[in-house]
Amino acid sequence: MNFLPFYTKLTELYPNQTKPSNKFLEWFIGFSEGVGSFILAKRGDLSFVITQSTLDVQVLNYIKDTLGFGKVIVQSSKQKTHRFVVQDTKNLFLICLLFNGNMVFPTRYARFLTFLSTFNEKLLKQNLTTISPSKDCVSPSLNDAWIAGITDGVGCFTTSLLSNSSAFRIRYILTQKWEANKFVLEGIMNLFSQNLAIGSVVPHSVSNVWEYRVNGVKNCKGLFSYFDKYSLHSKKKDSYYKWKTLHSRLENGDHLNKSPAWIKKELLS
């Protein structure tokens with residue numbers, strides 16, 4: 001990923017501000033490709049938005065404080081959601097520089113390019129410098145924080161203990177819509193396979209949705225080296241640590257020769 005245009009403009013606009021690290025920006029792009037939106041309102045307003053449960057508003061504040069711009073507001077008190085929002089031209093320019101040429105999912109990038117085209121039109125009408133769109137997406141990698149970001153957005157670490165049995169299911173799942181994005185999931189699958197996290201990409205029960213799944217104690221262990229190096233930042237960080245601890249207990253056989261009630265009480269505590 002190339003962050004030089006973003007850093008150059010950030011220094012120009014905010015010369016005294018601490019710059020976010022490459023690792024944060026990589027994570028932020030991944031997180032945004034999972035749960036972010038480039039919004040073109042019917043009245044012509046443009047905005048970049050990330051919505052989260054109020055229970056996880058800390059991750060939105062983390063984004064705002066690290067970027068040094070944007071705002072966090074209540075979206076719905078009834079539904080208990082907050083949103084991180086960027087709406088002004090100066091900071092939307094920074095957002096567009098950041099995402100331009102640095103996104104992974106093709107359909108997400110196509111949506112961004114539509115947004116960028118409209119944003120450039122507004123810049124031209126104000127006689128301001130425009131942003132030349134990059135044509136290409138980048139590939140996922142185990143050497144940056146993008147996968148941690150997309151996992152914070154739409155991934156999950158799950159463990160199911162079957163009733164009346166000591167059997168269990170432990171999984172990592174990453175879900176994405178549209179066939180064009182399936183190839184990205186397959187790329188991630190191939191990357192983790194190098195760490196012996198052997199998984200598969202399979203159709204979801206919902207049409208045009210795909211899941212990358214890593215199943216089983218042995219395979220899931222191959223994920224640890226990446227997620228221990230590239231930290232999660234949402235509430236899924238706690239889920240990962242609990243999942244990893246539970247993985248260790250399952251690997252040690254703590255669930256064997258015990259009643260289902262003991263398993264649920266002890267392993268999930």
# chains A, B, ... in the order shown; residues from 1 in each chain; ligands from 1
>>> select_by_dssp(residues="stretch 45-227 of chain A", states="alpha helix (DSSP H)", output="MDAnalysis selection string")
chainID A and resid 57:67 89:99 106:125 146:154 179:193 217:221 224:227
>>> closest_atom_pairs(of="stretch 94-159 of chain A", to="stretch 3-9 of chain A", cutoff="12 Å", atoms="only C-alpha atoms", output="tab-separated table")
residue	atom	partner	partner_atom	distance
A:Leu94	CA	A:Phe6	CA	6.0
A:Ile95	CA	A:Phe6	CA	8.0
A:Cys96	CA	A:Phe6	CA	8.5
A:Leu97	CA	A:Phe6	CA	5.2
A:Leu98	CA	A:Phe6	CA	5.4
A:Phe99	CA	A:Phe3	CA	8.9
A:Asn100	CA	A:Phe3	CA	9.4
A:Gly101	CA	A:Phe3	CA	9.5
A:Asn102	CA	A:Phe3	CA	8.2
A:Met103	CA	A:Phe3	CA	11.8
A:Thr129	CA	A:Lys9	CA	11.9
A:Ile131	CA	A:Pro5	CA	10.0
A:Ser132	CA	A:Pro5	CA	11.3
>>> residues_around(residues="A:Gln17", least_positions_apart="6", cutoff="9 Å", atoms="only C-alpha atoms", output="PyMOL selection string")
chain A and resi 10-11+68
>>> write_last_selection(atoms="N, CA, C and O atoms", output="PDB file, in the first residue's frame")
ATOM      1  N   LEU A  10      -1.555  15.252   4.627  1.00  0.00           N
ATOM      2  CA  LEU A  10      -1.808  15.366   6.065  1.00  0.00           C
ATOM      3  C   LEU A  10      -0.829  16.340   6.702  1.00  0.00           C
ATOM      4  O   LEU A  10      -1.216  17.166   7.543  1.00  0.00           O
ATOM      5  N   THR A  11       0.445  16.249   6.317  1.00  0.00           N
ATOM      6  CA  THR A  11       1.462  17.164   6.861  1.00  0.00           C
ATOM      7  C   THR A  11       1.174  18.600   6.462  1.00  0.00           C
ATOM      8  O   THR A  11       1.374  19.532   7.251  1.00  0.00           O
ATOM      9  N   GLY A  68      -6.982  11.985  13.651  1.00  0.00           N
ATOM     10  CA  GLY A  68      -6.914  13.396  13.988  1.00  0.00           C
ATOM     11  C   GLY A  68      -7.977  14.234  13.319  1.00  0.00           C
ATOM     12  O   GLY A  68      -7.923  15.469  13.331  1.00  0.00           O
TER      13      GLY A  68
END
>>> closest_residue(among="A:Val74, A:His247, A:Val104, A:Trp146", to="A:Ser53", atoms="only C-alpha atoms")
A:Val74
>>> closest_atom_pairs(of="stretch 47-148 of chain A", to="stretch 173-191 of chain A", cutoff="8 Å", atoms="only C-alpha atoms", output="JSON lines")
{"residue": "A:Val104", "atom": "CA", "partner": "A:Val184", "partner_atom": "CA", "distance": 7.5}
{"residue": "A:Phe105", "atom": "CA", "partner": "A:Asn181", "partner_atom": "CA", "distance": 5.7}
{"residue": "A:Pro106", "atom": "CA", "partner": "A:Asn181", "partner_atom": "CA", "distance": 6.3}
{"residue": "A:Thr107", "atom": "CA", "partner": "A:Asn181", "partner_atom": "CA", "distance": 7.0}
{"residue": "A:Ser139", "atom": "CA", "partner": "A:Val184", "partner_atom": "CA", "distance": 7.7}
{"residue": "A:Pro140", "atom": "CA", "partner": "A:Ile188", "partner_atom": "CA", "distance": 6.5}
{"residue": "A:Ser141", "atom": "CA", "partner": "A:Leu191", "partner_atom": "CA", "distance": 7.2}
{"residue": "A:Leu142", "atom": "CA", "partner": "A:Leu191", "partner_atom": "CA", "distance": 6.9}
>>> write_last_selection(atoms="C-alpha atoms", output="short mmCIF file (atom, residue, chain, number, x, y, z; two decimals), in the first residue's frame")
data_model
loop_
_atom_site.label_atom_id
_atom_site.label_comp_id
_atom_site.auth_asym_id
_atom_site.auth_seq_id
_atom_site.Cartn_x
_atom_site.Cartn_y
_atom_site.Cartn_z
CA VAL A 104 -8.49 -4.99 -1.78
CA PHE A 105 -12.09 -6.01 -2.55
CA PRO A 106 -13.04 -5.17 -6.18
CA THR A 107 -16.68 -4.30 -5.50
CA SER A 139 -3.57 -8.03 -2.94
CA PRO A 140 -4.04 -9.20 0.67
CA SER A 141 -0.88 -9.99 2.60
CA LEU A 142 0.24 -11.51 5.89
#
>>> residues_around(residues="A:Arg108", least_positions_apart="5", cutoff="10 Å", atoms="only C-alpha atoms", output="tab-separated table (two decimals) with N, CA, C and O atoms, in the first residue's frame")
chain	number	residue	atom	x	y	z
A	32	SER	N	-12.58	-0.61	7.21
A	32	SER	CA	-13.52	0.17	6.41
A	32	SER	C	-14.10	-0.63	5.25
A	32	SER	O	-15.28	-0.47	4.90
A	33	GLU	N	-13.28	-1.50	4.65
A	33	GLU	CA	-13.81	-2.34	3.57
A	33	GLU	C	-14.85	-3.32	4.10
A	33	GLU	O	-15.71	-3.80	3.35
A	34	GLY	N	-14.80	-3.59	5.39
A	34	GLY	CA	-15.80	-4.47	6.00
A	34	GLY	C	-17.06	-3.73	6.40
A	34	GLY	O	-18.17	-4.20	6.11
A	36	GLY	N	-17.33	0.08	6.46
A	36	GLY	CA	-17.40	1.48	6.08
A	36	GLY	C	-18.27	1.71	4.86
A	36	GLY	O	-18.57	0.78	4.11
A	37	SER	N	-18.66	2.96	4.66
A	37	SER	CA	-19.52	3.31	3.51
A	37	SER	C	-19.11	4.67	2.94
A	37	SER	O	-18.90	5.63	3.69
A	38	PHE	N	-19.02	4.73	1.62
A	38	PHE	CA	-18.86	5.99	0.90
A	38	PHE	C	-20.25	6.39	0.41
A	38	PHE	O	-20.79	5.75	-0.50
A	103	MET	N	-7.13	-0.33	-1.80
A	103	MET	CA	-8.20	-1.22	-1.38
A	103	MET	C	-8.02	-2.61	-2.00
A	103	MET	O	-7.32	-2.77	-3.00
A	113	LEU	N	-14.59	4.34	-6.33
A	113	LEU	CA	-14.29	5.10	-7.54
A	113	LEU	C	-15.49	5.94	-7.99
A	113	LEU	O	-15.32	7.04	-8.52
A	137	CYS	N	-6.62	-2.66	-7.65
A	137	CYS	CA	-6.68	-3.04	-6.25
A	137	CYS	C	-5.33	-3.61	-5.84
A	137	CYS	O	-4.49	-3.94	-6.68
A	181	ASN	N	-15.54	-10.87	-5.19
A	181	ASN	CA	-14.80	-10.83	-3.93
A	181	ASN	C	-14.40	-12.22	-3.44
A	181	ASN	O	-13.56	-12.35	-2.54
>>> select_by_dssp(residues="stretch 129-167 of chain A", states="strand (DSSP E or B)", output="PyMOL selection string")
chain A and resi 155-161
>>> residues_around(residues="stretch 41-45 of chain A", least_positions_apart="4", cutoff="12 Å", atoms="only C-alpha atoms", output="PyMOL selection string")
chain A and resi 37+86-89+92+115+118-119+121-122
>>> write_last_selection(atoms="all heavy atoms", output="compact mmCIF listing (two decimals), in the first residue's frame")
# COMPACT_ATOMS: atom_id res chain seq x y z
N SER A 37 -18.66 2.96 4.66
CA SER A 37 -19.52 3.31 3.51
C SER A 37 -19.11 4.67 2.94
O SER A 37 -18.90 5.63 3.69
CB SER A 37 -20.99 3.38 3.94
OG SER A 37 -21.45 2.14 4.43
N VAL A 86 -16.98 11.56 8.28
CA VAL A 86 -16.18 12.61 7.66
C VAL A 86 -17.02 13.20 6.55
O VAL A 86 -17.46 12.47 5.65
CB VAL A 86 -14.85 12.06 7.09
CG1 VAL A 86 -14.06 13.19 6.43
CG2 VAL A 86 -14.02 11.39 8.18
N GLN A 87 -17.23 14.53 6.60
CA GLN A 87 -18.12 15.17 5.62
C GLN A 87 -17.51 16.39 4.94
O GLN A 87 -17.92 16.75 3.84
CB GLN A 87 -19.43 15.59 6.29
CG GLN A 87 -20.30 14.43 6.75
CD GLN A 87 -21.54 14.89 7.50
OE1 GLN A 87 -21.44 15.58 8.52
NE2 GLN A 87 -22.71 14.54 6.99
N ASP A 88 -16.56 17.05 5.59
CA ASP A 88 -16.02 18.29 5.03
C ASP A 88 -15.02 17.99 3.93
O ASP A 88 -14.35 16.95 3.91
CB ASP A 88 -15.37 19.13 6.14
CG ASP A 88 -14.22 18.38 6.80
OD1 ASP A 88 -14.49 17.37 7.49
OD2 ASP A 88 -13.07 18.78 6.62
N THR A 89 -14.88 18.93 3.00
CA THR A 89 -14.06 18.74 1.81
C THR A 89 -12.60 18.45 2.15
O THR A 89 -11.98 17.54 1.56
CB THR A 89 -14.14 19.98 0.89
OG1 THR A 89 -15.50 20.17 0.48
CG2 THR A 89 -13.26 19.82 -0.34
N LEU A 92 -12.37 14.88 3.59
CA LEU A 92 -12.73 13.89 2.57
C LEU A 92 -11.61 13.74 1.55
O LEU A 92 -11.38 12.65 1.02
CB LEU A 92 -14.03 14.29 1.87
CG LEU A 92 -15.33 13.97 2.61
CD1 LEU A 92 -16.54 14.50 1.82
CD2 LEU A 92 -15.48 12.47 2.85
N PHE A 115 -17.65 7.21 -5.89
CA PHE A 115 -17.61 8.30 -4.91
C PHE A 115 -16.54 9.32 -5.30
O PHE A 115 -16.77 10.53 -5.28
CB PHE A 115 -17.31 7.71 -3.53
CG PHE A 115 -17.26 8.71 -2.41
CD1 PHE A 115 -18.40 9.03 -1.68
CD2 PHE A 115 -16.06 9.32 -2.06
CE1 PHE A 115 -18.34 9.94 -0.64
CE2 PHE A 115 -15.99 10.24 -1.02
CZ PHE A 115 -17.14 10.54 -0.30
N THR A 118 -17.52 11.64 -8.19
CA THR A 118 -18.42 12.72 -7.77
C THR A 118 -17.67 13.76 -6.96
O THR A 118 -17.90 14.97 -7.10
CB THR A 118 -19.58 12.13 -6.95
OG1 THR A 118 -20.26 11.15 -7.72
CG2 THR A 118 -20.56 13.22 -6.55
N PHE A 119 -16.76 13.30 -6.09
CA PHE A 119 -15.96 14.22 -5.28
C PHE A 119 -15.08 15.09 -6.17
O PHE A 119 -14.97 16.31 -5.96
CB PHE A 119 -15.12 13.43 -4.28
CG PHE A 119 -14.34 14.28 -3.33
CD1 PHE A 119 -14.97 15.16 -2.47
CD2 PHE A 119 -12.94 14.21 -3.29
CE1 PHE A 119 -14.25 15.96 -1.58
CE2 PHE A 119 -12.21 14.98 -2.41
CZ PHE A 119 -12.87 15.87 -1.55
N GLU A 121 -15.66 15.97 -9.20
CA GLU A 121 -16.52 16.96 -9.88
C GLU A 121 -16.77 18.17 -8.99
O GLU A 121 -16.73 19.32 -9.44
CB GLU A 121 -17.85 16.31 -10.25
CG GLU A 121 -18.79 17.24 -11.01
CD GLU A 121 -20.11 16.58 -11.37
OE1 GLU A 121 -20.24 15.36 -11.18
OE2 GLU A 121 -21.02 17.30 -11.84
N LYS A 122 -16.99 17.92 -7.71
CA LYS A 122 -17.18 19.02 -6.76
C LYS A 122 -15.91 19.85 -6.64
O LYS A 122 -15.96 21.09 -6.55
CB LYS A 122 -17.58 18.47 -5.39
CG LYS A 122 -19.01 17.94 -5.33
CD LYS A 122 -19.35 17.45 -3.93
CE LYS A 122 -20.83 17.09 -3.82
NZ LYS A 122 -21.70 18.28 -3.87
>>> residues_around(residues="A:Gly222", least_positions_apart="5", cutoff="6 Å", atoms="only C-alpha atoms", output="list in words")
Asn195, Leu196 and Ala197 of chain A
>>> write_last_selection(atoms="C-alpha atoms", output="short mmCIF file (atom, residue, chain, number, x, y, z; two decimals), in the first residue's frame")
data_model
loop_
_atom_site.label_atom_id
_atom_site.label_comp_id
_atom_site.auth_asym_id
_atom_site.auth_seq_id
_atom_site.Cartn_x
_atom_site.Cartn_y
_atom_site.Cartn_z
CA ASN A 195 1.02 -21.11 8.05
CA LEU A 196 -0.77 -24.50 8.05
CA ALA A 197 -4.13 -22.88 8.67
#
>>> residues_around(residues="A:Leu223", least_positions_apart="5", cutoff="10 Å", atoms="only C-alpha atoms", output="MDAnalysis selection string")
chainID A and resid 172 192:193 195:198 214 218 228 244
>>> write_last_selection(atoms="all heavy atoms", output="mmCIF file, in the first residue's frame")
data_model
loop_
_atom_site.group_PDB
_atom_site.id
_atom_site.type_symbol
_atom_site.label_atom_id
_atom_site.label_comp_id
_atom_site.auth_asym_id
_atom_site.auth_seq_id
_atom_site.Cartn_x
_atom_site.Cartn_y
_atom_site.Cartn_z
ATOM 1 N N TYR A 172 -12.659 -20.071 12.494
ATOM 2 C CA TYR A 172 -12.489 -18.676 12.102
ATOM 3 C C TYR A 172 -13.250 -18.504 10.796
ATOM 4 O O TYR A 172 -13.104 -19.333 9.877
ATOM 5 C CB TYR A 172 -11.017 -18.333 11.893
ATOM 6 C CG TYR A 172 -10.775 -17.028 11.163
ATOM 7 C CD1 TYR A 172 -10.941 -15.805 11.809
ATOM 8 C CD2 TYR A 172 -10.384 -17.016 9.822
ATOM 9 C CE1 TYR A 172 -10.709 -14.608 11.148
ATOM 10 C CE2 TYR A 172 -10.148 -15.827 9.143
ATOM 11 C CZ TYR A 172 -10.315 -14.622 9.816
ATOM 12 O OH TYR A 172 -10.096 -13.430 9.151
ATOM 13 N N PHE A 192 -2.911 -18.044 4.390
ATOM 14 C CA PHE A 192 -2.916 -18.709 5.694
ATOM 15 C C PHE A 192 -2.534 -20.184 5.582
ATOM 16 O O PHE A 192 -2.034 -20.769 6.545
ATOM 17 C CB PHE A 192 -4.274 -18.555 6.371
ATOM 18 C CG PHE A 192 -4.436 -17.255 7.114
ATOM 19 C CD1 PHE A 192 -5.501 -16.404 6.827
ATOM 20 C CD2 PHE A 192 -3.553 -16.889 8.101
ATOM 21 C CE1 PHE A 192 -5.655 -15.201 7.515
ATOM 22 C CE2 PHE A 192 -3.694 -15.691 8.794
ATOM 23 C CZ PHE A 192 -4.743 -14.842 8.491
ATOM 24 N N SER A 193 -2.771 -20.776 4.416
ATOM 25 C CA SER A 193 -2.370 -22.167 4.231
ATOM 26 C C SER A 193 -0.858 -22.329 4.375
ATOM 27 O O SER A 193 -0.372 -23.390 4.780
ATOM 28 C CB SER A 193 -2.817 -22.664 2.853
ATOM 29 O OG SER A 193 -4.232 -22.734 2.777
ATOM 30 N N ASN A 195 0.808 -20.983 6.600
ATOM 31 C CA ASN A 195 1.024 -21.114 8.046
ATOM 32 C C ASN A 195 0.347 -22.362 8.598
ATOM 33 O O ASN A 195 0.171 -22.495 9.811
ATOM 34 C CB ASN A 195 0.476 -19.880 8.778
ATOM 35 C CG ASN A 195 1.322 -18.652 8.544
ATOM 36 O OD1 ASN A 195 2.330 -18.699 7.858
ATOM 37 N ND2 ASN A 195 0.918 -17.532 9.118
ATOM 38 N N LEU A 196 -0.085 -23.244 7.693
ATOM 39 C CA LEU A 196 -0.767 -24.498 8.048
ATOM 40 C C LEU A 196 -2.157 -24.275 8.620
ATOM 41 O O LEU A 196 -2.702 -25.158 9.287
ATOM 42 C CB LEU A 196 0.084 -25.325 9.034
ATOM 43 C CG LEU A 196 1.487 -25.687 8.516
ATOM 44 C CD1 LEU A 196 2.215 -26.533 9.541
ATOM 45 C CD2 LEU A 196 1.412 -26.415 7.171
ATOM 46 N N ALA A 197 -2.723 -23.107 8.354
ATOM 47 C CA ALA A 197 -4.134 -22.875 8.675
ATOM 48 C C ALA A 197 -4.932 -23.255 7.425
ATOM 49 O O ALA A 197 -5.302 -22.400 6.620
ATOM 50 C CB ALA A 197 -4.388 -21.417 9.059
ATOM 51 N N ILE A 198 -5.158 -24.538 7.249
ATOM 52 C CA ILE A 198 -5.814 -25.034 6.040
ATOM 53 C C ILE A 198 -7.309 -24.760 6.132
ATOM 54 O O ILE A 198 -7.978 -25.214 7.067
ATOM 55 C CB ILE A 198 -5.563 -26.543 5.851
ATOM 56 C CG1 ILE A 198 -4.064 -26.848 5.947
ATOM 57 C CG2 ILE A 198 -6.126 -27.005 4.528
ATOM 58 C CD1 ILE A 198 -3.207 -26.105 4.960
ATOM 59 N N VAL A 214 -11.860 -21.571 8.489
ATOM 60 C CA VAL A 214 -10.785 -22.413 9.004
ATOM 61 C C VAL A 214 -11.382 -23.197 10.162
ATOM 62 O O VAL A 214 -11.879 -22.607 11.126
ATOM 63 C CB VAL A 214 -9.578 -21.588 9.484
ATOM 64 C CG1 VAL A 214 -8.490 -22.504 10.045
ATOM 65 C CG2 VAL A 214 -9.030 -20.733 8.343
ATOM 66 N N LYS A 218 -6.192 -27.907 15.001
ATOM 67 C CA LYS A 218 -4.908 -27.872 14.305
ATOM 68 C C LYS A 218 -4.849 -26.735 13.296
ATOM 69 O O LYS A 218 -3.863 -25.980 13.235
ATOM 70 C CB LYS A 218 -4.661 -29.207 13.606
ATOM 71 C CG LYS A 218 -3.322 -29.288 12.882
ATOM 72 C CD LYS A 218 -3.131 -30.667 12.251
ATOM 73 C CE LYS A 218 -1.799 -30.738 11.511
ATOM 74 N NZ LYS A 218 -1.602 -32.083 10.883
ATOM 75 N N ASP A 228 -1.487 -12.480 16.432
ATOM 76 C CA ASP A 228 -0.670 -12.030 17.562
ATOM 77 C C ASP A 228 0.233 -10.867 17.157
ATOM 78 O O ASP A 228 0.585 -10.026 17.989
ATOM 79 C CB ASP A 228 0.192 -13.180 18.097
ATOM 80 C CG ASP A 228 -0.619 -14.224 18.842
ATOM 81 O OD1 ASP A 228 -1.791 -13.947 19.175
ATOM 82 O OD2 ASP A 228 -0.087 -15.320 19.091
ATOM 83 N N LYS A 244 -8.654 -17.981 21.728
ATOM 84 C CA LYS A 244 -7.321 -18.575 21.756
ATOM 85 C C LYS A 244 -7.111 -19.373 23.047
ATOM 86 O O LYS A 244 -6.522 -20.467 23.027
ATOM 87 C CB LYS A 244 -6.267 -17.479 21.634
ATOM 88 C CG LYS A 244 -4.856 -18.003 21.449
ATOM 89 C CD LYS A 244 -3.872 -16.853 21.282
ATOM 90 C CE LYS A 244 -2.451 -17.381 21.180
ATOM 91 N NZ LYS A 244 -1.461 -16.278 21.093
#
>>> atom_distance(atom1="atom CA of A:Ile50", atom2="atom CA of A:Phe93")
16.9 Å
